[in-house]
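Enquirer: I am attaching a structure below and will ask some questions about it afterwards.
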Amino acid sequence: MITDNNKTATSVEARKLLRAHRYGALCTLSKKFDGHPFASITPYLVDHDGSLLILISTLAEHTKNILHDHRVSLITHNQENPHIQTQGRVTVLGSAIQVADREKAGLRYLRYFPEAQTYFAMHDFSFYRIVPEAIRFIGGFGQIHWVKGVNYNVASYPLVTQEIDILAELNSLHEESIRLYAAQDNQKAELIGLDCDGFDIKVGEKIMRIQSDVPILDAQQARFTIINKAR
């Protein structure tokens, strides 16, 4: 029997694993081949609430499939472990729905994928949001769980609207603390995203994910985490 505390812990671990990666295999139901599963590699960004943002073209096969049937799944896994069967992995099941506010979605997405700016400028590319309805989380050997979307998804918290301002403040005034997290003395380290589960630092073309042991829910907690804990 899984207790509510265990459900919460498992949900957080699943979300953290998703946040640690940037690409996954997106599986849609083929319009051309009568619902046959069709998989493609797709960049994604986990938003504040745990949903997945993807930027896709109307010309792509997976987009045609989504417009025909919104049901999708996406899997990502820990590629650092050579033992495939025992490595951590997460499969998200949900529906992909087009995002109405394209510019707002682009503000956060393009910090993580600046190379997508060219695609974003094209009118045939749109954002779709996958809101998880169920999660299959495998944390390792014997750690196999189904997680309901209601236990995984995150309710709104102050940092959602404070993120842009606090990023500018921390990058401007506390670059030294950010470099300590990134273990960089010479190369520029830039904080590009904050969420309830941790934060992301860009060093060169590499993005480093720093998970937090306690939730980061507002700007004050973000300052404390970045400045004080770095020291």
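Note on naming: chains are A, B, ... as they come in the structure tokens, residues start from 1 per chain, ligands start from 1 in the order shown.
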Give me the residues within 8 Å of segment 220-226 of chain A as a ChimeraX atom specification, counting only C-alpha atoms and dropping any in the same chain fewer than 4 places off.
Expert: /A:166,170,177-178,194,216,230
Enquirer: List as a VMD selection string the protein and nucleic acid residues near segment 20-22 of chain A, meaning an atom at most 10 Å away when only C-alpha atoms are counted, but skip any in the same chain fewer than 6 places from it.
Expert: chain A and resid 42 to 46 76 to 79 112 to 113 198 to 200 207 to 211
Enquirer: DSSP on the backbone: what in segment 59-208 of chain A comes out strand (DSSP E or B), as number ranges by chain?
Expert: A: 71-77, 89-98, 125-140, 143-148, 189-195, 198-203, 206-208
Enquirer: Would you export the selected residues with C-alpha atoms as a compact mmCIF listing (two decimals), in the first residue's frame, please?
Expert:
```txt
# COMPACT_ATOMS: atom_id res chain seq x y z
CA ARG A 71 -3.79 11.75 -26.94
CA VAL A 72 -0.01 11.44 -26.63
CA SER A 73 2.73 10.02 -24.46
CA LEU A 74 6.33 11.13 -23.99
CA ILE A 75 9.20 9.18 -22.46
CA THR A 76 12.59 10.40 -21.28
CA HIS A 77 15.29 8.50 -19.43
CA ARG A 89 12.80 6.84 -16.73
CA VAL A 90 9.45 8.59 -16.91
CA THR A 91 6.55 8.18 -19.33
CA VAL A 92 3.93 10.95 -19.41
CA LEU A 93 0.43 10.21 -20.66
CA GLY A 94 -1.81 13.14 -21.52
CA SER A 95 -3.37 15.29 -24.22
CA ALA A 96 -1.48 17.84 -26.32
CA ILE A 97 -3.46 21.07 -26.61
CA GLN A 98 -2.33 24.13 -28.59
CA PHE A 125 5.30 26.56 -35.53
CA SER A 126 3.06 26.54 -32.47
CA PHE A 127 3.36 25.62 -28.81
CA TYR A 128 1.43 22.65 -27.47
CA ARG A 129 1.04 21.85 -23.80
CA ILE A 130 0.89 18.28 -22.51
CA VAL A 131 -0.90 18.19 -19.16
CA PRO A 132 -0.08 14.83 -17.52
CA GLU A 133 -3.06 12.63 -16.78
CA ALA A 134 -0.92 9.73 -15.58
CA ILE A 135 2.81 9.10 -15.10
CA ARG A 136 4.74 5.84 -15.29
CA PHE A 137 7.82 6.40 -13.15
CA ILE A 138 10.67 3.91 -12.86
CA GLY A 139 13.27 5.22 -10.45
CA GLY A 140 15.48 2.15 -10.70
CA GLN A 143 11.05 1.27 -8.02
CA ILE A 144 8.08 1.14 -10.37
CA HIS A 145 5.06 3.37 -9.84
CA TRP A 146 1.95 4.74 -11.52
CA VAL A 147 1.33 8.36 -10.51
CA LYS A 148 -2.00 10.10 -11.07
CA ALA A 189 27.25 31.09 -15.64
CA GLU A 190 23.71 32.36 -16.15
CA LEU A 191 20.59 31.41 -14.23
CA ILE A 192 17.89 30.77 -16.85
CA GLY A 193 15.02 29.23 -14.90
CA LEU A 194 13.56 28.75 -11.43
CA ASP A 195 10.72 26.47 -10.38
CA GLY A 198 15.02 23.64 -8.33
CA PHE A 199 16.75 25.81 -10.94
CA ASP A 200 18.75 25.71 -14.16
CA ILE A 201 22.12 27.32 -14.89
CA LYS A 202 23.54 27.74 -18.39
CA VAL A 203 27.30 27.47 -18.80
CA LYS A 206 25.40 23.30 -21.41
CA ILE A 207 22.45 23.52 -19.03
CA MET A 208 23.01 22.29 -15.49
```
Enquirer: So how far away is atom CA of Ala25 of chain A from atom CA of Glu205 of chain A, in Å?
Expert: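 A separation of 22.0 Å between them.
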